[in-house]
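Here is the file work-v9.csv (CSV, C-alpha atoms).
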chain,number,residue,atom,x,y,z
E,2,MET,CA,102.4,94.7,123.0
E,3,ILE,CA,103.3,91.8,120.7
E,4,ALA,CA,100.4,89.4,120.3
E,5,LYS,CA,101.4,85.7,120.6
E,6,VAL,CA,101.2,84.0,117.2
E,7,GLU,CA,102.7,80.5,117.2
E,8,THR,CA,105.0,79.7,114.3
E,9,LEU,CA,106.3,76.3,113.3
E,10,PHE,CA,110.0,75.4,113.4
E,11,THR,CA,111.0,75.4,109.7
E,12,PRO,CA,114.7,74.6,109.6
E,13,PHE,CA,114.7,73.3,106.0
E,14,ALA,CA,112.6,76.1,104.4
E,15,SER,CA,114.7,78.7,106.4
E,16,PHE,CA,118.0,77.2,105.4
E,17,GLY,CA,116.9,76.9,101.7
E,18,GLY,CA,115.7,80.5,101.8
E,19,GLY,CA,119.0,81.5,103.3
E,20,LEU,CA,120.9,79.7,100.4
E,21,LEU,CA,118.9,81.8,97.9
E,22,ILE,CA,119.5,85.0,99.8
E,23,GLY,CA,123.2,84.2,99.7
E,24,LEU,CA,123.0,83.4,96.0
E,25,GLY,CA,121.4,86.8,95.4
E,26,ALA,CA,124.3,88.5,97.2
E,27,VAL,CA,126.9,86.5,95.3
E,28,LEU,CA,125.2,87.3,91.9
E,29,LEU,CA,125.2,91.1,92.7
E,30,MET,CA,128.9,90.9,93.6
E,31,LEU,CA,129.7,88.9,90.4
E,32,GLY,CA,127.7,91.3,88.1
E,33,LEU,CA,128.1,94.7,89.7
E,34,GLY,CA,130.8,94.3,92.3
E,35,ARG,CA,128.5,95.5,95.1
E,36,ILE,CA,127.6,94.4,98.6
E,37,LEU,CA,123.9,93.5,98.8
E,38,GLY,CA,122.7,95.7,101.6
E,39,ALA,CA,119.0,96.6,101.8
E,40,THR,CA,119.6,99.8,103.7
E,41,GLY,CA,122.1,101.1,101.2
E,42,ILE,CA,120.0,100.2,98.2
E,43,LEU,CA,116.9,101.7,99.6
E,44,SER,CA,118.4,104.9,100.9
E,45,GLY,CA,120.5,105.2,97.8
E,46,LEU,CA,117.3,105.0,95.8
E,47,VAL,CA,115.2,107.3,97.9
E,48,PHE,CA,117.8,110.1,98.1
E,49,ALA,CA,119.0,109.5,94.5
E,50,GLU,CA,122.6,109.3,95.5
E,51,ASN,CA,125.1,109.0,92.7
E,52,GLY,CA,122.9,109.4,89.6
E,53,GLY,CA,124.4,106.4,87.7
E,54,GLU,CA,123.5,104.1,90.6
E,55,PHE,CA,119.8,104.7,90.4
E,56,ALA,CA,118.8,102.3,87.7
E,57,TRP,CA,120.3,99.1,89.1
E,58,ARG,CA,119.0,99.8,92.5
E,59,ALA,CA,115.5,100.4,91.1
E,60,ALA,CA,115.7,97.2,89.0
E,61,MET,CA,116.7,95.2,92.0
E,62,ILE,CA,113.9,96.5,94.2
E,63,VAL,CA,111.4,95.7,91.5
E,64,GLY,CA,112.8,92.2,91.4
E,65,MET,CA,112.5,91.8,95.2
E,66,ILE,CA,108.9,93.1,95.1
E,67,LEU,CA,107.9,90.6,92.3
E,68,ALA,CA,109.1,87.7,94.5
E,69,PRO,CA,105.9,87.0,96.5
E,70,GLY,CA,103.8,87.2,93.3
E,71,ILE,CA,106.1,84.6,91.6
E,72,ILE,CA,105.7,82.4,94.6
E,73,PHE,CA,102.0,82.8,94.5
E,74,LEU,CA,101.9,81.9,90.8
E,75,VAL,CA,104.0,78.7,91.4
E,76,THR,CA,102.5,77.5,94.7
E,77,GLY,CA,99.1,79.1,94.7
E,78,THR,CA,99.7,80.6,98.2
E,79,MET,CA,101.2,83.9,99.3
E,80,PRO,CA,104.2,83.6,101.7
E,81,GLU,CA,103.0,83.7,105.3
E,82,LEU,CA,103.0,87.1,106.9
E,83,SER,CA,101.2,87.9,110.2
E,84,VAL,CA,101.7,91.2,111.9
E,85,PRO,CA,101.1,90.9,115.7
E,86,VAL,CA,101.8,94.5,116.5
E,87,SER,CA,99.9,97.8,116.2
E,88,PRO,CA,100.3,100.3,113.4
E,89,ARG,CA,101.8,102.6,115.9
E,90,MET,CA,104.6,100.1,116.7
E,91,ILE,CA,105.2,99.6,113.0
E,92,ILE,CA,105.7,103.4,112.6
E,93,VAL,CA,107.9,103.8,115.7
E,94,GLY,CA,109.9,100.7,115.0
E,95,GLY,CA,110.3,101.7,111.3
E,96,VAL,CA,111.7,105.1,112.1
E,97,ILE,CA,114.1,103.6,114.6
E,98,VAL,CA,115.2,100.9,112.1
E,99,GLY,CA,115.8,103.5,109.4
E,100,PHE,CA,117.7,105.8,111.8
E,101,GLY,CA,119.8,103.0,113.3
E,102,ALA,CA,120.6,101.1,110.1
E,103,SER,CA,121.7,104.4,108.5
E,104,LEU,CA,123.9,105.4,111.5
E,105,GLY,CA,125.4,101.9,111.9
E,106,SER,CA,126.0,101.7,108.1
E,107,GLY,CA,124.0,98.5,107.6
E,108,CYS,CA,121.4,96.0,108.6
E,109,THR,CA,120.8,92.3,108.5
E,110,SER,CA,121.7,91.9,104.8
E,111,GLY,CA,124.8,94.2,104.6
E,112,HIS,CA,126.4,93.5,108.0
E,113,GLY,CA,124.8,90.1,108.5
E,114,VAL,CA,124.9,88.1,105.3
E,115,CYS,CA,127.6,90.0,103.4
E,116,GLY,CA,129.7,91.4,106.3
E,117,LEU,CA,130.0,88.2,108.3
E,118,SER,CA,131.1,86.2,105.3
E,119,ARG,CA,133.8,88.8,104.4
E,120,LEU,CA,134.9,88.5,108.0
E,121,SER,CA,134.5,92.3,108.4
E,122,VAL,CA,135.5,93.3,111.9
E,123,ARG,CA,132.8,96.0,111.9
E,124,SER,CA,130.1,93.5,110.9
E,125,ILE,CA,131.3,91.0,113.5
E,126,VAL,CA,130.7,93.8,116.1
E,127,ALA,CA,127.4,95.0,114.5
E,128,VAL,CA,125.6,91.7,114.1
E,129,PRO,CA,125.7,90.5,117.8
E,130,THR,CA,124.9,94.1,118.8
E,131,PHE,CA,121.6,94.3,116.9
E,132,MET,CA,120.7,90.7,117.7
E,133,LEU,CA,121.1,91.4,121.4
E,134,THR,CA,119.2,94.7,121.4
E,135,ALA,CA,116.4,93.1,119.3
E,136,SER,CA,116.1,90.1,121.7
E,137,GLY,CA,116.2,92.5,124.7
E,138,THR,CA,113.5,94.7,123.2
E,139,VAL,CA,111.2,91.7,122.5
E,140,PHE,CA,111.9,90.4,126.0
E,141,LEU,CA,110.9,93.8,127.5
E,142,ILE,CA,107.8,94.2,125.4
E,143,ARG,CA,106.6,90.6,125.9
E,144,HIS,CA,107.7,89.6,129.4
E,145,VAL,CA,108.2,92.9,131.4
E,146,PHE,CA,105.7,95.4,130.0
E,147,GLY,CA,103.4,92.8,128.4
E,148,THR,CA,100.6,91.1,130.2
J,23,MET,CA,121.9,93.3,80.6
J,24,LYS,CA,123.2,94.9,83.8
J,25,LEU,CA,119.6,95.9,84.8
J,26,ILE,CA,118.3,92.4,83.9
J,27,LEU,CA,120.9,90.9,86.2
J,28,ALA,CA,120.0,93.4,89.0
J,29,LEU,CA,116.3,92.5,88.6
J,30,PHE,CA,117.1,88.8,88.6
J,31,THR,CA,119.3,89.2,91.6
J,32,GLY,CA,116.5,91.0,93.4
J,33,LEU,CA,114.1,88.3,92.5
J,34,ILE,CA,116.3,85.5,93.8
J,35,PHE,CA,117.0,87.4,97.0
J,36,GLY,CA,113.3,88.1,97.4
J,37,ILE,CA,112.2,84.5,96.9
J,38,GLY,CA,114.8,83.5,99.4
J,39,ILE,CA,113.5,86.1,101.9
J,40,ALA,CA,109.9,84.9,101.3
J,41,ILE,CA,110.7,81.1,101.7
J,42,SER,CA,113.0,81.7,104.7
J,43,GLY,CA,110.2,83.1,106.9
J,44,ILE,CA,112.2,86.3,107.8
J,45,MET,CA,109.5,88.5,106.2
J,46,ASN,CA,106.9,87.2,108.7
J,47,PRO,CA,107.1,89.4,111.8
J,48,ALA,CA,105.4,86.7,113.9
J,49,LYS,CA,108.4,84.5,113.2
J,50,VAL,CA,110.9,87.3,113.8
J,51,PHE,CA,109.4,87.9,117.3
J,52,ASN,CA,109.4,84.2,118.1
J,53,PHE,CA,113.0,84.0,117.1
J,54,PHE,CA,114.0,86.9,119.4
J,55,ASP,CA,111.8,85.7,122.2
J,56,VAL,CA,114.3,83.2,123.7
J,57,ALA,CA,112.4,83.4,127.0
J,58,GLY,CA,109.0,82.5,125.3
J,59,LYS,CA,108.1,79.8,122.8
J,60,TRP,CA,111.3,80.1,121.0
J,61,ASP,CA,111.4,79.4,117.2
J,62,PRO,CA,115.1,79.2,116.2
J,63,SER,CA,114.3,78.9,112.4
J,64,LEU,CA,115.8,82.2,111.5
J,65,ALA,CA,119.3,81.1,112.7
J,66,PHE,CA,119.1,78.7,109.7
J,67,VAL,CA,118.5,81.6,107.3
J,68,MET,CA,121.7,83.4,108.3
J,69,GLY,CA,123.5,80.0,108.3
J,70,GLY,CA,122.4,79.2,104.7
J,71,ALA,CA,123.1,82.7,103.4
J,72,VAL,CA,126.6,82.9,105.0
J,73,VAL,CA,127.6,79.5,103.7
J,74,ILE,CA,126.9,80.6,100.1
J,75,THR,CA,128.4,84.1,100.4
J,76,PHE,CA,131.5,82.8,102.3
J,77,ILE,CA,132.3,80.5,99.4
J,78,GLY,CA,130.7,82.5,96.6
J,79,PHE,CA,132.4,85.8,97.3
J,80,ARG,CA,135.8,84.2,97.3
J,81,LEU,CA,135.2,82.5,94.0
J,82,VAL,CA,133.9,85.8,92.5
J,83,TRP,CA,136.9,87.7,93.8
J,84,ARG,CA,139.2,85.5,91.7
J,85,ARG,CA,138.1,87.7,88.8
J,86,ASN,CA,139.8,91.1,88.4
J,87,THR,CA,136.6,93.0,87.8
J,88,PRO,CA,132.8,92.4,88.0
J,89,LEU,CA,131.0,91.0,84.9
J,90,PHE,CA,129.7,94.4,84.0
J,91,GLY,CA,132.9,96.4,84.5
J,92,GLY,CA,133.9,98.8,87.2
J,93,LYS,CA,135.6,97.4,90.2
J,94,PHE,CA,134.6,95.5,93.3
J,95,GLN,CA,133.4,98.0,95.9
J,96,ILE,CA,134.2,96.4,99.1
J,97,PRO,CA,134.3,98.3,102.4
J,98,THR,CA,137.8,98.4,103.9
J,99,SER,CA,137.2,100.2,107.1
J,100,ASN,CA,137.9,98.4,110.4
J,101,THR,CA,136.9,101.3,112.6
J,102,ILE,CA,134.8,100.3,115.6
J,103,ASP,CA,133.2,103.5,116.8
J,104,GLY,CA,130.2,104.7,118.7
J,105,ARG,CA,128.3,105.3,115.5
J,106,LEU,CA,128.7,101.6,114.4
J,107,ILE,CA,127.8,100.2,117.8
J,108,GLY,CA,125.1,102.8,118.7
J,109,GLY,CA,123.5,102.6,115.2
J,110,SER,CA,123.4,98.8,115.3
J,111,ALA,CA,122.0,98.8,118.8
J,112,ILE,CA,119.3,101.3,117.7
J,113,PHE,CA,118.5,99.3,114.6
J,114,GLY,CA,118.0,96.1,116.7
J,115,ILE,CA,115.6,98.0,119.0
J,116,GLY,CA,113.5,99.0,116.0
J,117,TRP,CA,113.6,95.5,114.6
J,118,GLY,CA,112.4,94.2,117.9
J,119,ILE,CA,109.5,96.7,118.0
J,120,ALA,CA,108.2,96.4,114.4
J,121,GLY,CA,109.3,92.9,113.5
J,122,PHE,CA,110.5,93.9,110.0
J,123,CYS,CA,114.0,94.7,108.8
J,124,PRO,CA,114.6,96.6,105.5
J,125,GLY,CA,115.8,93.6,103.5
J,126,ALA,CA,112.7,91.6,104.5
J,127,ALA,CA,110.2,94.4,104.1
J,128,ILE,CA,111.1,95.3,100.5
J,129,PRO,CA,110.1,91.8,99.1
J,130,ALA,CA,107.2,91.7,101.6
J,131,LEU,CA,105.8,94.8,99.9
J,132,GLY,CA,104.9,92.4,97.0
J,133,THR,CA,102.3,90.6,99.3
J,134,GLY,CA,100.3,93.8,99.1
J,135,ARG,CA,100.0,94.2,102.8
J,136,TRP,CA,99.5,97.8,103.9
J,137,GLU,CA,101.5,97.3,107.1
J,138,VAL,CA,104.7,96.7,105.0
J,139,ALA,CA,104.2,100.0,103.1
J,140,LEU,CA,103.7,101.8,106.4
J,141,PHE,CA,106.9,100.3,107.8
J,142,LEU,CA,109.0,101.3,104.7
J,143,VAL,CA,107.7,104.9,104.8
J,144,ALA,CA,108.7,105.0,108.4
J,145,VAL,CA,112.2,103.6,107.6
J,146,THR,CA,112.6,106.3,105.0
J,147,ALA,CA,111.7,108.9,107.6
J,148,GLY,CA,114.4,107.4,109.8
J,149,PHE,CA,117.0,107.7,107.0
J,150,TYR,CA,115.9,111.3,106.6
J,151,ALA,CA,116.2,112.1,110.3
J,152,ARG,CA,119.7,110.6,110.3
J,153,ARG,CA,120.7,112.8,107.4
J,154,LEU,CA,119.3,115.9,108.9
J,155,ILE,CA,121.3,115.3,112.1
J,156,ALA,CA,124.4,114.6,110.1
J,157,ALA,CA,123.9,117.9,108.1
J,158,THR,CA,123.3,119.8,111.3
J,159,GLN,CA,126.5,118.4,112.9
J,160,ILE,CA,128.5,119.6,109.8
J,161,ASN,CA,127.0,123.0,109.9
J,162,ALA,CA,127.8,123.4,113.6
J,163,LYS,CA,131.4,122.3,113.1
J,164,THR,CA,131.8,124.5,110.1
J,165,ALA,CA,130.6,127.5,112.1
J,166,LEU,CA,133.2,126.8,114.8
J,167,ASN,CA,136.1,125.9,112.5
J,168,PRO,CA,135.6,126.2,108.7
J,169,SER,CA,138.7,124.2,108.0
J,170,GLU,CA,137.0,121.1,109.4
J,171,PHE,CA,134.4,121.2,106.8
J,172,VAL,CA,136.2,119.2,104.2
J,173,ALA,CA,137.1,116.4,106.6
J,174,THR,CA,133.6,116.0,108.0
J,175,ASP,CA,132.0,116.3,104.6
J,176,VAL,CA,134.1,113.4,103.4
J,177,ARG,CA,133.2,111.4,106.5
J,178,LEU,CA,129.5,112.0,105.7
J,179,HIS,CA,129.9,110.5,102.3
J,180,SER,CA,131.7,107.5,103.5
J,181,ILE,CA,128.8,106.6,105.8
J,182,GLY,CA,127.3,104.4,103.1
J,183,GLU,CA,130.3,102.0,103.0
J,184,ASN,CA,128.8,98.8,104.3
J,185,LYS,CA,125.1,99.1,103.7

Mind converting the file's structure to structure tokens?
Amino acid sequence: MIAKVETLFTPFASFGGGLLIGLGAVLLMLGLGRILGATGILSGLVFAENGGEFAWRAAMIVGMILAPGIIFLVTGTMPELSVPVSPRMIIVGGVIVGFGASLGSGCTSGHGVCGLSRLSVRSIVAVPTFMLTASGTVFLIRHVFGT
Amino acid sequence: MKLILALFTGLIFGIGIAISGIMNPAKVFNFFDVAGKWDPSLAFVMGGAVVITFIGFRLVWRRNTPLFGGKFQIPTSNTIDGRLIGGSAIFGIGWGIAGFCPGAAIPALGTGRWEVALFLVAVTAGFYARRLIAATQINAKTALNPSEFVATDVRLHSIGENK
């Protein structure tokens, strides 16, 4: 079950955050000529694919992990994060995410942010597919099986 | 310099992820829960990001090469197959169960929450399961027809194209 935690509608923060996400993707393309895809970077790092690619992937992941700390230093508060599901759902969901993103060659960053803006036909198919199944899953858990 | 740029890129991306709200599973669930108390904020994340990449990528591609050499590695495949659709559908189901996606969870690790670490370990297990199955498929095909080995092997290596 997914506990109901109310969240505020934050169009400006979300749009602003989106602009920075896009900027990160453009910088990576400018510097290294790569698509910013979290699935590719993480699996590339974990399985040490292409030896020469290890260092930049590791550096990038370190930068990502430092982000909440930097926000804490500047604003005095950690970014909001509440997990309304059980550890079991995190594990099951995580394995499914890893399997699916690997099989479908991308996730929200690679297919979503980068693929859509490149007008990639594959990403234009992938993004609505995972948005739809994610919505359907949440609907089932919250409104069909949930109480 | 290349590594400093990679670190800086990760930092900018991570700050964006943190500000946007997409690293907060409660917000992700409320975004997907159109039938409940819908929070459409996350549509603005994708909107903001795509505006920048749509323009930014095209400006960058006016160059012949990236700043640090090599060439632009852009996926060229247009193949819509079961693997793309099935994989994406499976990914969405997992996202709807756990509330994290990989690009949000990596920066979220910096908040120090154990749930994020648990999620990323599970994601890695999922990557591993996928690779095991791919390897088994190749072995099975090779046993039936060794000449197919080269073709399938190449296909395995091209899986990473759009990640």

Problem set entry | Of the listed residues E:Ala4, E:Leu46, E:Val145, E:Ala102, that which approaches chain J most closely, counting only C-alpha atoms |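 That would be E:Ala102, the residue with the smallest distance to chain J.
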
For this session: In Å, rounded to a single decimal, give me how far atom CA of Arg119 of chain E is from atom CA of Leu142 of chain J.
Result: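 Separation between atom CA of Leu142 of chain J and atom CA of Arg119 of chain E: 27.8 Å.
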
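Distance annotation: of J:Ala127, J:Leu81, J:Ala162, J:Ile102, the residue with the minimal separation from chain E is J:Ile102; atom set is only C-alpha atoms.
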
Exercise. Between J:Pro124, J:Gly118, J:Gly91, J:Gly148, which one has atoms that come closest to Gly137 of chain E, using all atoms listed in the file?
Worked result: J:Gly118

Exercise. Mind pulling up the distance from atom CA of Phe100 of chain E to atom CA of Thr101 of chain J?
Worked result: 19.7 Å

Exercise. For chain J, which of E:Val86, E:Val126, E:Arg58, E:Gly18 is the closest residue, counting all atoms listed in the file?
Worked result: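 Nearest candidate to chain J out of E:Val86, E:Val126, E:Arg58, E:Gly18: E:Gly18.
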
Problem set entry | Pick from E:Ala39, E:Leu31, E:Leu104, E:Met132, whichever lies nearest to Cys123 of chain J using all atoms listed in the file |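 For Cys123 of chain J, the nearest of the given residues is E:Ala39.
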
As a compact mmCIF listing (two decimals), in the coordinates of the input, please: segment 98-121 of chain J completed to N, CA and C atoms.
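As written to disk, result_11.txt reads:
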# COMPACT_ATOMS: atom_id res chain seq x y z
N THR J 98 136.49 98.79 103.34
CA THR J 98 137.80 98.40 103.90
C THR J 98 137.95 98.87 105.33
N SER J 99 137.01 99.68 105.81
CA SER J 99 137.20 100.20 107.10
C SER J 99 137.11 99.16 108.22
N ASN J 100 137.97 99.32 109.23
CA ASN J 100 137.90 98.40 110.40
C ASN J 100 137.61 99.21 111.65
N THR J 101 137.14 100.44 111.49
CA THR J 101 136.90 101.30 112.60
C THR J 101 135.70 100.92 113.44
N ILE J 102 135.92 100.59 114.70
CA ILE J 102 134.80 100.30 115.60
C ILE J 102 134.55 101.58 116.38
N ASP J 103 133.47 102.28 116.08
CA ASP J 103 133.20 103.50 116.80
C ASP J 103 131.80 103.53 117.36
N GLY J 104 131.47 104.60 118.05
CA GLY J 104 130.20 104.70 118.70
C GLY J 104 129.04 104.72 117.67
N ARG J 105 129.35 105.23 116.50
CA ARG J 105 128.30 105.30 115.50
C ARG J 105 127.94 103.89 115.01
N LEU J 106 128.94 103.03 114.85
CA LEU J 106 128.70 101.60 114.40
C LEU J 106 127.89 100.90 115.51
N ILE J 107 128.40 100.99 116.74
CA ILE J 107 127.80 100.20 117.80
C ILE J 107 126.41 100.82 118.18
N GLY J 108 126.36 102.15 118.32
CA GLY J 108 125.10 102.80 118.70
C GLY J 108 124.06 102.61 117.56
N GLY J 109 124.46 102.79 116.31
CA GLY J 109 123.50 102.60 115.20
C GLY J 109 123.00 101.21 115.13
N SER J 110 123.88 100.22 115.31
CA SER J 110 123.40 98.80 115.30
C SER J 110 122.51 98.52 116.42
N ALA J 111 122.84 99.05 117.61
CA ALA J 111 122.00 98.80 118.80
C ALA J 111 120.59 99.42 118.55
N ILE J 112 120.57 100.64 117.98
CA ILE J 112 119.30 101.30 117.70
C ILE J 112 118.50 100.51 116.66
N PHE J 113 119.20 100.07 115.62
CA PHE J 113 118.50 99.30 114.60
C PHE J 113 117.85 98.04 115.19
N GLY J 114 118.57 97.35 116.08
CA GLY J 114 118.00 96.10 116.70
C GLY J 114 116.76 96.44 117.52
N ILE J 115 116.77 97.58 118.22
CA ILE J 115 115.60 98.00 119.00
C ILE J 115 114.38 98.13 118.08
N GLY J 116 114.59 98.82 116.95
CA GLY J 116 113.50 99.00 116.00
C GLY J 116 113.00 97.68 115.42
N TRP J 117 113.94 96.79 115.13
CA TRP J 117 113.60 95.50 114.60
C TRP J 117 112.74 94.69 115.60
N GLY J 118 113.09 94.85 116.88
CA GLY J 118 112.40 94.20 117.90
C GLY J 118 110.98 94.76 118.20
N ILE J 119 110.79 96.03 117.78
CA ILE J 119 109.50 96.70 118.00
C ILE J 119 108.55 96.38 116.78
N ALA J 120 109.09 96.52 115.55
CA ALA J 120 108.20 96.40 114.40
C ALA J 120 108.20 94.97 113.80
N GLY J 121 109.29 94.23 113.97
CA GLY J 121 109.30 92.90 113.50
C GLY J 121 109.78 92.73 112.01
